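Peer 1: Structure in structure tokens, see below.
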Amino acid sequence: MKKKNLFLAKKAEDSTLNQYWFSEQTIEFLVDHIESIYQNGQKLAFLSTPSIYCSLKNQEVKQNSSLFEFDLKLNKEKGFVFYDFNKPIEGLEQFKNTFDIILIDPPFITEEVWSKYAQTINYIKKEDAKILCCSIKENAKMLYDLIKVVPQQYKPSIPHLIYQYDFYCNYEHEILKKVNEEIGF
């Protein structure tokens with residue numbers, strides 16, 4: 001029998017923070033993907049993606065990762081960095097041009113919010129950083145303009161959201177060209 005994801009078992013979604021978790025299969029997919037593209041010593045940033053950060057299996061990856069998060073209930077996590085998207089670079093000086101891989105799932109999908117996340121991303125990323133994020137398909141042009149990411153075939157399952165998200169990234173990977181069988185498209 002497969003073990004249940006510990007993060008999902010321990011941390012309920014909080015609608016007051018607009019927290020809606022990926023499904024267990026999507027979490028496993030993202031963890032496996034992030035750990036597969038990681039190369040020795042790279043630094044990873046998880047912006048508003050605690051379900052993925054807390055589910056990492058590879059200890060070297062976790063030691064080289066930071067969780068940028070507003071929810072103080074997660075501040076016991078070793079890589080926790082308090083992050084308020086309304087102050088996109090405040091307190092982040094030590095992370096300027098640091099990260100090789102960045103995963104982002106903002107609590108809101110508006111251009112105003114994405115513009116603030118883009119400021120953070122552009123501040124903390126290395127020049128050739130891999131960026132993976134999710135949002136609605138209607139945001140494709142905006143996301144390309146802000147952070148140069150394009151839609152992928154593989155789509156996440158987020159069971160308690162009423163609309164479907166797409167994944168976007170700025171790199172090629174075969175696994176992202178597949179259909180998520182959990183949702184059927």
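Following the order of the structure tokens, first chain is A, next is B, and so on, with residues numbered from 1 inside each chain and ligands from 1 in the order they appear.
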Compile the contact shell of range 177-179 of chain A as a list of chain:residue names: residues with an atom at most 9 Å away, counting only C-alpha atoms, same-chain residues fewer than 6 positions apart removed.

Peer 2: A:Gln152, A:Gln153, A:Tyr154, A:Lys155, A:Phe185

Peer 1: Please produce a file of those selected residues containing N, CA and C atoms, as a short mmCIF file (atom, residue, chain, number, x, y, z; two decimals), in the first residue's frame.

Peer 2:
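Output saved as result00.cif:
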data_model
loop_
_atom_site.label_atom_id
_atom_site.label_comp_id
_atom_site.auth_asym_id
_atom_site.auth_seq_id
_atom_site.Cartn_x
_atom_site.Cartn_y
_atom_site.Cartn_z
N GLN A 152 2.77 24.27 -20.89
CA GLN A 152 3.17 22.88 -21.09
C GLN A 152 1.93 22.00 -21.21
N GLN A 153 2.11 20.82 -21.78
CA GLN A 153 0.99 19.88 -21.93
C GLN A 153 0.52 19.36 -20.57
N TYR A 154 1.48 18.99 -19.71
CA TYR A 154 1.12 18.42 -18.41
C TYR A 154 0.47 19.49 -17.55
N LYS A 155 -0.71 19.18 -17.01
CA LYS A 155 -1.46 20.13 -16.19
C LYS A 155 -1.59 19.59 -14.77
N PHE A 185 -6.30 15.17 -19.48
CA PHE A 185 -5.92 16.04 -20.60
C PHE A 185 -4.67 16.81 -20.26
#

Peer 1: Excluding Pro107 in chain A and residues on its chain fewer than 5 positions from it, collect all residues at most 10 Å away from it, counting only C-alpha atoms, and give them as a count of residues only.

Peer 2: 11

Peer 1: Taking only range 39-76 of chain A into account, list the residues labelled strand (DSSP E) by DSSP (computed from the backbone), as a list in words.

Peer 2: Leu44, Ala45, Phe46, Leu47, Ser65, Ser66, Leu67, Phe68 and Glu69 of chain A

Peer 1: Export all heavy atoms of the chosen residues as a compact mmCIF listing (two decimals), in the first residue's frame?

Peer 2:
# COMPACT_ATOMS: atom_id res chain seq x y z
N LEU A 44 17.63 26.01 -5.01
CA LEU A 44 16.24 25.98 -5.43
C LEU A 44 15.40 26.90 -4.57
O LEU A 44 15.59 26.95 -3.36
CB LEU A 44 15.67 24.56 -5.32
CG LEU A 44 16.35 23.48 -6.16
CD1 LEU A 44 17.52 22.88 -5.43
CD2 LEU A 44 15.35 22.41 -6.50
N ALA A 45 14.46 27.59 -5.21
CA ALA A 45 13.52 28.47 -4.50
C ALA A 45 12.10 27.96 -4.74
O ALA A 45 11.72 27.69 -5.88
CB ALA A 45 13.65 29.91 -4.99
N PHE A 46 11.36 27.84 -3.67
CA PHE A 46 9.97 27.43 -3.73
C PHE A 46 9.13 28.62 -3.26
O PHE A 46 9.07 28.90 -2.07
CB PHE A 46 9.74 26.20 -2.84
CG PHE A 46 10.43 24.96 -3.36
CD1 PHE A 46 11.78 24.75 -3.10
CD2 PHE A 46 9.75 24.04 -4.12
CE1 PHE A 46 12.44 23.63 -3.58
CE2 PHE A 46 10.40 22.91 -4.62
CZ PHE A 46 11.75 22.71 -4.35
N LEU A 47 8.53 29.34 -4.20
CA LEU A 47 7.73 30.53 -3.88
C LEU A 47 6.27 30.13 -3.74
O LEU A 47 5.64 29.72 -4.72
CB LEU A 47 7.87 31.60 -4.96
CG LEU A 47 9.05 32.56 -4.85
CD1 LEU A 47 10.35 31.85 -5.09
CD2 LEU A 47 8.88 33.71 -5.81
N SER A 65 17.55 24.16 -0.71
CA SER A 65 16.29 24.80 -1.06
C SER A 65 15.84 25.80 -0.01
O SER A 65 16.13 25.65 1.17
CB SER A 65 15.19 23.73 -1.21
OG SER A 65 15.48 22.85 -2.27
N SER A 66 15.09 26.80 -0.48
CA SER A 66 14.46 27.78 0.40
C SER A 66 12.98 27.85 0.08
O SER A 66 12.59 27.85 -1.10
CB SER A 66 15.08 29.16 0.20
OG SER A 66 16.45 29.16 0.56
N LEU A 67 12.16 27.91 1.13
CA LEU A 67 10.72 28.04 0.99
C LEU A 67 10.34 29.48 1.31
O LEU A 67 10.45 29.92 2.45
CB LEU A 67 9.99 27.09 1.94
CG LEU A 67 8.48 27.26 2.06
CD1 LEU A 67 7.79 26.98 0.72
CD2 LEU A 67 7.91 26.37 3.15
N PHE A 68 9.93 30.23 0.29
CA PHE A 68 9.48 31.61 0.46
C PHE A 68 7.97 31.56 0.69
O PHE A 68 7.22 31.22 -0.22
CB PHE A 68 9.82 32.44 -0.79
CG PHE A 68 11.29 32.62 -0.99
CD1 PHE A 68 12.07 31.61 -1.54
CD2 PHE A 68 11.91 33.80 -0.62
CE1 PHE A 68 13.43 31.77 -1.72
CE2 PHE A 68 13.28 33.97 -0.80
CZ PHE A 68 14.03 32.96 -1.34
N GLU A 69 7.56 31.91 1.92
CA GLU A 69 6.18 31.64 2.30
C GLU A 69 5.67 32.68 3.30
O GLU A 69 6.42 33.15 4.15
CB GLU A 69 6.10 30.22 2.90
CG GLU A 69 4.76 29.78 3.39
CD GLU A 69 3.67 29.78 2.32
OE1 GLU A 69 3.90 29.21 1.24
OE2 GLU A 69 2.61 30.36 2.59

Peer 1: Give me the residues near Thr98 in chain A as a CSV table (one decimal) with all heavy atoms, in the first residue's frame, where near means some atom within 10 Å (using only C-alpha atoms) and where sequence neighbours in that chain fewer than 2 positions away do not count.

Peer 2:
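Everything below was put into result_31.csv:
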chain,number,residue,atom,x,y,z
A,42,GLN,N,23.1,23.0,-6.9
A,42,GLN,CA,22.2,24.0,-7.4
A,42,GLN,C,21.4,24.5,-6.2
A,42,GLN,O,21.1,23.7,-5.3
A,42,GLN,CB,21.4,23.6,-8.5
A,42,GLN,CG,22.1,23.4,-9.8
A,42,GLN,CD,21.1,23.1,-11.0
A,42,GLN,OE1,20.3,22.2,-10.8
A,42,GLN,NE2,21.4,23.7,-12.1
A,43,LYS,N,20.9,25.7,-6.3
A,43,LYS,CA,20.0,26.3,-5.3
A,43,LYS,C,18.6,26.4,-5.8
A,43,LYS,O,18.4,26.8,-7.0
A,43,LYS,CB,20.5,27.7,-4.9
A,43,LYS,CG,21.9,27.8,-4.3
A,43,LYS,CD,21.9,27.1,-3.0
A,43,LYS,CE,23.3,27.2,-2.3
A,43,LYS,NZ,23.5,26.3,-1.2
A,44,LEU,N,17.6,26.0,-5.0
A,44,LEU,CA,16.2,26.0,-5.4
A,44,LEU,C,15.4,26.9,-4.6
A,44,LEU,O,15.6,27.0,-3.4
A,44,LEU,CB,15.7,24.6,-5.3
A,44,LEU,CG,16.3,23.5,-6.2
A,44,LEU,CD1,17.5,22.9,-5.4
A,44,LEU,CD2,15.4,22.4,-6.5
A,45,ALA,N,14.5,27.6,-5.2
A,45,ALA,CA,13.5,28.5,-4.5
A,45,ALA,C,12.1,28.0,-4.7
A,45,ALA,O,11.7,27.7,-5.9
A,45,ALA,CB,13.6,29.9,-5.0
A,94,GLN,N,20.0,38.9,0.6
A,94,GLN,CA,21.0,37.8,0.6
A,94,GLN,C,20.7,36.8,-0.5
A,94,GLN,O,21.5,35.9,-0.8
A,94,GLN,CB,20.9,37.1,2.0
A,94,GLN,CG,19.7,36.3,2.2
A,94,GLN,CD,19.6,35.8,3.6
A,94,GLN,OE1,19.4,36.6,4.5
A,94,GLN,NE2,19.6,34.5,3.8
A,95,PHE,N,19.5,36.9,-1.1
A,95,PHE,CA,19.2,35.9,-2.2
A,95,PHE,C,19.3,36.5,-3.6
A,95,PHE,O,18.9,35.8,-4.6
A,95,PHE,CB,17.7,35.4,-1.9
A,95,PHE,CG,17.5,34.7,-0.6
A,95,PHE,CD1,16.8,35.4,0.4
A,95,PHE,CD2,18.1,33.5,-0.4
A,95,PHE,CE1,16.6,34.7,1.6
A,95,PHE,CE2,17.9,32.9,0.8
A,95,PHE,CZ,17.2,33.5,1.8
A,96,LYS,N,19.8,37.7,-3.8
A,96,LYS,CA,19.9,38.2,-5.1
A,96,LYS,C,20.8,37.3,-6.0
A,96,LYS,O,21.9,36.9,-5.6
A,96,LYS,CB,20.5,39.7,-5.0
A,96,LYS,CG,20.5,40.3,-6.4
A,96,LYS,CD,20.9,41.8,-6.3
A,96,LYS,CE,20.8,42.4,-7.7
A,96,LYS,NZ,20.8,43.8,-7.7
A,100,ASP,N,19.0,28.6,-9.1
A,100,ASP,CA,19.1,27.9,-10.3
A,100,ASP,C,17.7,27.4,-10.8
A,100,ASP,O,17.5,27.2,-12.0
A,100,ASP,CB,20.1,26.7,-10.2
A,100,ASP,CG,21.4,27.2,-9.8
A,100,ASP,OD1,22.1,27.8,-10.6
A,100,ASP,OD2,21.8,27.0,-8.6
A,101,ILE,N,16.9,27.0,-9.8
A,101,ILE,CA,15.6,26.4,-10.1
A,101,ILE,C,14.6,27.1,-9.2
A,101,ILE,O,14.8,27.3,-8.0
A,101,ILE,CB,15.5,24.9,-9.9
A,101,ILE,CG1,16.6,24.2,-10.7
A,101,ILE,CG2,14.2,24.3,-10.1
A,101,ILE,CD1,16.8,22.7,-10.3
A,123,TYR,N,14.7,39.1,-9.3
A,123,TYR,CA,15.7,39.5,-8.3
A,123,TYR,C,16.5,38.3,-7.8
A,123,TYR,O,17.7,38.4,-7.7
A,123,TYR,CB,15.0,40.2,-7.2
A,123,TYR,CG,15.9,40.8,-6.2
A,123,TYR,CD1,16.5,42.0,-6.4
A,123,TYR,CD2,16.1,40.2,-4.9
A,123,TYR,CE1,17.4,42.6,-5.5
A,123,TYR,CE2,16.9,40.8,-4.0
A,123,TYR,CZ,17.6,42.0,-4.3
A,123,TYR,OH,18.4,42.5,-3.3
A,124,ILE,N,15.8,37.2,-7.6
A,124,ILE,CA,16.5,36.0,-6.9
A,124,ILE,C,17.1,35.0,-7.9
A,124,ILE,O,17.9,34.2,-7.5
A,124,ILE,CB,15.6,35.3,-5.9
A,124,ILE,CG1,14.4,34.6,-6.6
A,124,ILE,CG2,15.1,36.3,-4.8
A,124,ILE,CD1,13.6,33.7,-5.7
A,125,LYS,N,16.7,35.1,-9.2
A,125,LYS,CA,17.2,34.1,-10.1
A,125,LYS,C,18.6,34.3,-10.6
A,125,LYS,O,19.0,35.5,-10.8
A,125,LYS,CB,16.2,33.9,-11.3
A,125,LYS,CG,16.2,35.0,-12.3
A,125,LYS,CD,15.3,34.8,-13.4
A,125,LYS,CE,15.3,35.9,-14.5
A,125,LYS,NZ,16.4,35.7,-15.4
A,126,LYS,N,19.3,33.2,-10.9
A,126,LYS,CA,20.5,33.4,-11.7
A,126,LYS,C,20.0,33.6,-13.2
A,126,LYS,O,18.9,33.3,-13.6
A,126,LYS,CB,21.3,32.1,-11.6
A,126,LYS,CG,22.0,31.9,-10.3
A,126,LYS,CD,22.9,30.7,-10.3
A,126,LYS,CE,23.7,30.6,-9.0
A,126,LYS,NZ,24.5,29.4,-8.9
A,127,GLU,N,21.0,34.0,-14.0
A,127,GLU,CA,20.6,34.4,-15.4
A,127,GLU,C,20.0,33.3,-16.1
A,127,GLU,O,19.0,33.5,-16.9
A,127,GLU,CB,21.9,34.9,-16.1
A,127,GLU,CG,21.6,35.4,-17.5
A,127,GLU,CD,22.9,36.0,-18.1
A,127,GLU,OE1,23.8,36.4,-17.4
A,127,GLU,OE2,22.9,36.0,-19.4
A,129,ALA,N,18.4,30.5,-14.9
A,129,ALA,CA,17.6,29.7,-14.0
A,129,ALA,C,16.4,29.1,-14.7
A,129,ALA,O,15.8,29.6,-15.7
A,129,ALA,CB,17.0,30.6,-12.9

Peer 1: Once DSSP has gone over the backbone, tell me which residues of range 52-131 of chain A are in helix (DSSP H, G or I), as a PDB file with N, CA and C atoms, in the first residue's frame.

Peer 2:
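Result written to result-v6.pdb:
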ATOM      1  N   ILE A  52       5.136  21.250  -2.115  1.00  0.00           N
ATOM      2  CA  ILE A  52       6.242  20.629  -2.848  1.00  0.00           C
ATOM      3  C   ILE A  52       7.513  20.646  -1.996  1.00  0.00           C
ATOM      4  N   TYR A  53       7.849  21.802  -1.455  1.00  0.00           N
ATOM      5  CA  TYR A  53       9.040  21.910  -0.603  1.00  0.00           C
ATOM      6  C   TYR A  53       8.994  20.869   0.525  1.00  0.00           C
ATOM      7  N   GLN A  59      17.489  14.587   0.309  1.00  0.00           N
ATOM      8  CA  GLN A  59      17.954  15.487   1.367  1.00  0.00           C
ATOM      9  C   GLN A  59      18.934  16.548   0.867  1.00  0.00           C
ATOM     10  N   GLU A  60      19.744  16.220  -0.138  1.00  0.00           N
ATOM     11  CA  GLU A  60      20.647  17.230  -0.695  1.00  0.00           C
ATOM     12  C   GLU A  60      19.844  18.348  -1.357  1.00  0.00           C
ATOM     13  N   VAL A  61      18.804  17.970  -2.092  1.00  0.00           N
ATOM     14  CA  VAL A  61      17.942  18.973  -2.729  1.00  0.00           C
ATOM     15  C   VAL A  61      17.307  19.849  -1.647  1.00  0.00           C
ATOM     16  N   LYS A  62      16.787  19.225  -0.597  1.00  0.00           N
ATOM     17  CA  LYS A  62      16.122  19.994   0.466  1.00  0.00           C
ATOM     18  C   LYS A  62      17.115  20.940   1.153  1.00  0.00           C
ATOM     19  N   GLN A  63      18.329  20.494   1.391  1.00  0.00           N
ATOM     20  CA  GLN A  63      19.337  21.341   2.043  1.00  0.00           C
ATOM     21  C   GLN A  63      19.718  22.550   1.184  1.00  0.00           C
ATOM     22  N   LEU A  72       2.999  31.662   8.481  1.00  0.00           N
ATOM     23  CA  LEU A  72       3.942  31.476   9.594  1.00  0.00           C
ATOM     24  C   LEU A  72       3.807  30.116  10.269  1.00  0.00           C
ATOM     25  N   LYS A  73       2.762  29.378   9.975  1.00  0.00           N
ATOM     26  CA  LYS A  73       2.640  28.014  10.516  1.00  0.00           C
ATOM     27  C   LYS A  73       3.719  27.099   9.941  1.00  0.00           C
ATOM     28  N   LEU A  74       4.369  27.552   8.887  1.00  0.00           N
ATOM     29  CA  LEU A  74       5.419  26.758   8.247  1.00  0.00           C
ATOM     30  C   LEU A  74       6.821  27.227   8.623  1.00  0.00           C
ATOM     31  N   GLU A  93      17.725  40.578   0.216  1.00  0.00           N
ATOM     32  CA  GLU A  93      19.033  40.982  -0.306  1.00  0.00           C
ATOM     33  C   GLU A  93      20.020  39.817  -0.388  1.00  0.00           C
ATOM     34  N   GLN A  94      20.009  38.940   0.594  1.00  0.00           N
ATOM     35  CA  GLN A  94      20.968  37.824   0.614  1.00  0.00           C
ATOM     36  C   GLN A  94      20.702  36.797  -0.488  1.00  0.00           C
ATOM     37  N   PHE A  95      19.542  36.892  -1.148  1.00  0.00           N
ATOM     38  CA  PHE A  95      19.176  35.916  -2.179  1.00  0.00           C
ATOM     39  C   PHE A  95      19.300  36.451  -3.608  1.00  0.00           C
ATOM     40  N   GLU A 111      -2.883  39.982 -12.752  1.00  0.00           N
ATOM     41  CA  GLU A 111      -1.653  40.571 -13.275  1.00  0.00           C
ATOM     42  C   GLU A 111      -0.915  41.345 -12.182  1.00  0.00           C
ATOM     43  N   GLU A 112      -1.651  42.024 -11.321  1.00  0.00           N
ATOM     44  CA  GLU A 112      -1.022  42.771 -10.229  1.00  0.00           C
ATOM     45  C   GLU A 112      -0.173  41.848  -9.346  1.00  0.00           C
ATOM     46  N   VAL A 113      -0.731  40.711  -8.979  1.00  0.00           N
ATOM     47  CA  VAL A 113       0.005  39.767  -8.117  1.00  0.00           C
ATOM     48  C   VAL A 113       1.169  39.144  -8.884  1.00  0.00           C
ATOM     49  N   TRP A 114       0.923  38.701 -10.121  1.00  0.00           N
ATOM     50  CA  TRP A 114       1.996  38.100 -10.907  1.00  0.00           C
ATOM     51  C   TRP A 114       3.130  39.099 -11.159  1.00  0.00           C
ATOM     52  N   SER A 115       2.813  40.363 -11.314  1.00  0.00           N
ATOM     53  CA  SER A 115       3.861  41.374 -11.510  1.00  0.00           C
ATOM     54  C   SER A 115       4.765  41.466 -10.291  1.00  0.00           C
ATOM     55  N   LYS A 116       4.188  41.331  -9.122  1.00  0.00           N
ATOM     56  CA  LYS A 116       4.993  41.361  -7.888  1.00  0.00           C
ATOM     57  C   LYS A 116       5.850  40.097  -7.776  1.00  0.00           C
ATOM     58  N   TYR A 117       5.260  38.949  -8.083  1.00  0.00           N
ATOM     59  CA  TYR A 117       6.055  37.714  -8.079  1.00  0.00           C
ATOM     60  C   TYR A 117       7.186  37.800  -9.107  1.00  0.00           C
ATOM     61  N   ALA A 118       6.901  38.387 -10.268  1.00  0.00           N
ATOM     62  CA  ALA A 118       7.934  38.535 -11.302  1.00  0.00           C
ATOM     63  C   ALA A 118       9.100  39.376 -10.792  1.00  0.00           C
ATOM     64  N   GLN A 119       8.813  40.409 -10.011  1.00  0.00           N
ATOM     65  CA  GLN A 119       9.899  41.206  -9.421  1.00  0.00           C
ATOM     66  C   GLN A 119      10.778  40.323  -8.544  1.00  0.00           C
ATOM     67  N   THR A 120      10.135  39.492  -7.727  1.00  0.00           N
ATOM     68  CA  THR A 120      10.888  38.582  -6.853  1.00  0.00           C
ATOM     69  C   THR A 120      11.712  37.602  -7.683  1.00  0.00           C
ATOM     70  N   ILE A 121      11.066  36.970  -8.652  1.00  0.00           N
ATOM     71  CA  ILE A 121      11.738  35.969  -9.487  1.00  0.00           C
ATOM     72  C   ILE A 121      12.959  36.587 -10.168  1.00  0.00           C
ATOM     73  N   ASN A 122      12.769  37.726 -10.779  1.00  0.00           N
ATOM     74  CA  ASN A 122      13.871  38.372 -11.505  1.00  0.00           C
ATOM     75  C   ASN A 122      14.987  38.847 -10.579  1.00  0.00           C
ATOM     76  N   TYR A 123      14.670  39.069  -9.328  1.00  0.00           N
ATOM     77  CA  TYR A 123      15.665  39.490  -8.342  1.00  0.00           C
ATOM     78  C   TYR A 123      16.480  38.302  -7.817  1.00  0.00           C
ATOM     79  N   ILE A 124      15.817  37.166  -7.564  1.00  0.00           N
ATOM     80  CA  ILE A 124      16.496  36.037  -6.909  1.00  0.00           C
ATOM     81  C   ILE A 124      17.083  35.017  -7.882  1.00  0.00           C
TER      82      ILE A 124
END

Peer 1: Can you work out which one of A:Asp14, A:Asn40, A:Ser55, A:Ile136 has the shortest atom-to-atom distance to Ile162 in chain A, counting only C-alpha atoms?

Peer 2: A:Ile136

Peer 1: For range 139-145 of chain A, list every protein, DNA or RNA residue within 10 Å, evaluated using only C-alpha atoms, and leave out those in the same chain fewer than 2 positions away; present the list as a ChimeraX atom specification.

Peer 2: /A:109-111,114-115,118,133-137,147-151,165-170

Peer 1: For Leu103 in chain A, which of A:Gly41, A:Glu172, A:Lys130, A:Cys54 is the closest residue, counting only C-alpha atoms?

Peer 2: A:Lys130

Peer 1: Identify which of the residues A:Asp128, A:Glu90, A:Glu77, A:Glu182 lies closest to Pro159 in chain A, counting only C-alpha atoms when measuring atom-to-atom distances.

Peer 2: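 Among the listed residues, A:Glu182 lies closest to Pro159 in chain A.
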
Peer 1: Quick check, in Å to one decimal: how far apart do CA of Tyr171 in chain A and CA of Asp84 in chain A lie?

Peer 2: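 Answer for the CA of Tyr171 in chain A to CA of Asp84 in chain A separation: 27.0 Å.
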
Peer 1: How many Å lie between CA of Phe70 in chain A and CA of Tyr83 in chain A, rounded to one decimal?

Peer 2: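 Computing the Euclidean distance for CA of Phe70 in chain A and CA of Tyr83 in chain A yields 5.0 Å.
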
Peer 1: Looking at A:Leu176, A:Ile183, A:Leu146, A:Ile37, which one is nearest to Gln164 in chain A, with distances taken over only C-alpha atoms?

Peer 2: A:Ile183

Peer 1: Report the distance between CA of Ile131 in chain A and CA of Ile104 in chain A in Å, rounded to one decimal place.

Peer 2: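 Taking CA of Ile131 in chain A and CA of Ile104 in chain A, their separation equals 7.9 Å.
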
Peer 1: Range 29-36 of chain A: which residues within 8 Å, counting only C-alpha atoms, same-chain residues fewer than 2 positions away excluded, as a compact mmCIF listing (two decimals) with all heavy atoms, in the first residue's frame?

Peer 2:
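Contents of the output file out-v8.txt:
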# COMPACT_ATOMS: atom_id res chain seq x y z
N GLN A 25 -0.88 13.02 -6.38
CA GLN A 25 -0.15 12.61 -7.58
C GLN A 25 0.61 13.78 -8.21
O GLN A 25 1.73 13.61 -8.69
CB GLN A 25 -1.10 11.99 -8.62
CG GLN A 25 -1.56 10.61 -8.24
CD GLN A 25 -3.03 10.61 -7.86
OE1 GLN A 25 -3.54 11.52 -7.21
NE2 GLN A 25 -3.73 9.57 -8.26
N THR A 26 0.02 14.97 -8.21
CA THR A 26 0.71 16.14 -8.76
C THR A 26 1.90 16.52 -7.89
O THR A 26 2.96 16.86 -8.41
CB THR A 26 -0.26 17.32 -8.95
OG1 THR A 26 -1.25 16.96 -9.93
CG2 THR A 26 0.47 18.57 -9.42
N ILE A 27 1.75 16.43 -6.58
CA ILE A 27 2.88 16.69 -5.69
C ILE A 27 4.02 15.72 -6.00
O ILE A 27 5.17 16.12 -6.17
CB ILE A 27 2.47 16.60 -4.20
CG1 ILE A 27 1.55 17.77 -3.84
CG2 ILE A 27 3.70 16.56 -3.29
CD1 ILE A 27 0.94 17.68 -2.45
N TYR A 38 17.53 18.73 -10.88
CA TYR A 38 18.54 19.26 -9.96
C TYR A 38 19.91 18.70 -10.32
O TYR A 38 20.06 17.52 -10.62
CB TYR A 38 18.17 18.87 -8.52
CG TYR A 38 19.26 19.15 -7.52
CD1 TYR A 38 19.45 20.42 -7.00
CD2 TYR A 38 20.11 18.13 -7.10
CE1 TYR A 38 20.45 20.67 -6.08
CE2 TYR A 38 21.11 18.38 -6.17
CZ TYR A 38 21.27 19.65 -5.66
OH TYR A 38 22.27 19.90 -4.75
N ILE A 52 5.14 21.25 -2.11
CA ILE A 52 6.24 20.63 -2.85
C ILE A 52 7.51 20.65 -2.00
O ILE A 52 8.17 19.62 -1.82
CB ILE A 52 6.48 21.33 -4.20
CG1 ILE A 52 5.18 21.46 -4.99
CG2 ILE A 52 7.55 20.59 -5.01
CD1 ILE A 52 4.39 20.19 -5.18
N SER A 55 7.52 18.13 0.70
CA SER A 55 7.44 16.75 0.22
C SER A 55 8.72 16.27 -0.47
O SER A 55 8.77 15.13 -0.94
CB SER A 55 6.26 16.60 -0.75
OG SER A 55 5.05 16.92 -0.10
N LEU A 56 9.74 17.13 -0.52
CA LEU A 56 11.00 16.71 -1.14
C LEU A 56 11.53 15.46 -0.46
O LEU A 56 11.48 15.33 0.76
CB LEU A 56 12.03 17.84 -1.06
CG LEU A 56 11.75 19.06 -1.93
CD1 LEU A 56 12.71 20.20 -1.57
CD2 LEU A 56 11.83 18.72 -3.41
N LYS A 57 12.07 14.53 -1.27
CA LYS A 57 12.59 13.28 -0.75
C LYS A 57 14.12 13.29 -0.66
O LYS A 57 14.69 12.71 0.24
CB LYS A 57 12.14 12.12 -1.65
CG LYS A 57 10.63 11.95 -1.70
CD LYS A 57 10.23 10.84 -2.67
CE LYS A 57 9.89 11.45 -4.00
NZ LYS A 57 9.29 10.54 -4.96
N ASN A 58 14.76 13.96 -1.61
CA ASN A 58 16.21 14.00 -1.67
C ASN A 58 16.73 15.04 -0.68
O ASN A 58 16.45 16.23 -0.81
CB ASN A 58 16.63 14.35 -3.11
CG ASN A 58 18.12 14.39 -3.30
OD1 ASN A 58 18.84 15.01 -2.53
ND2 ASN A 58 18.58 13.76 -4.37
N VAL A 61 18.80 17.97 -2.09
CA VAL A 61 17.94 18.97 -2.73
C VAL A 61 17.31 19.85 -1.65
O VAL A 61 17.32 21.08 -1.75
CB VAL A 61 16.86 18.30 -3.60
CG1 VAL A 61 15.83 19.32 -4.08
CG2 VAL A 61 17.49 17.58 -4.78
N ILE A 175 8.93 15.11 -19.87
CA ILE A 175 7.86 14.75 -18.93
C ILE A 175 6.75 15.81 -18.93
O ILE A 175 5.58 15.50 -18.69
CB ILE A 175 8.42 14.49 -17.51
CG1 ILE A 175 7.42 13.69 -16.67
CG2 ILE A 175 8.79 15.77 -16.80
CD1 ILE A 175 7.40 12.24 -16.96
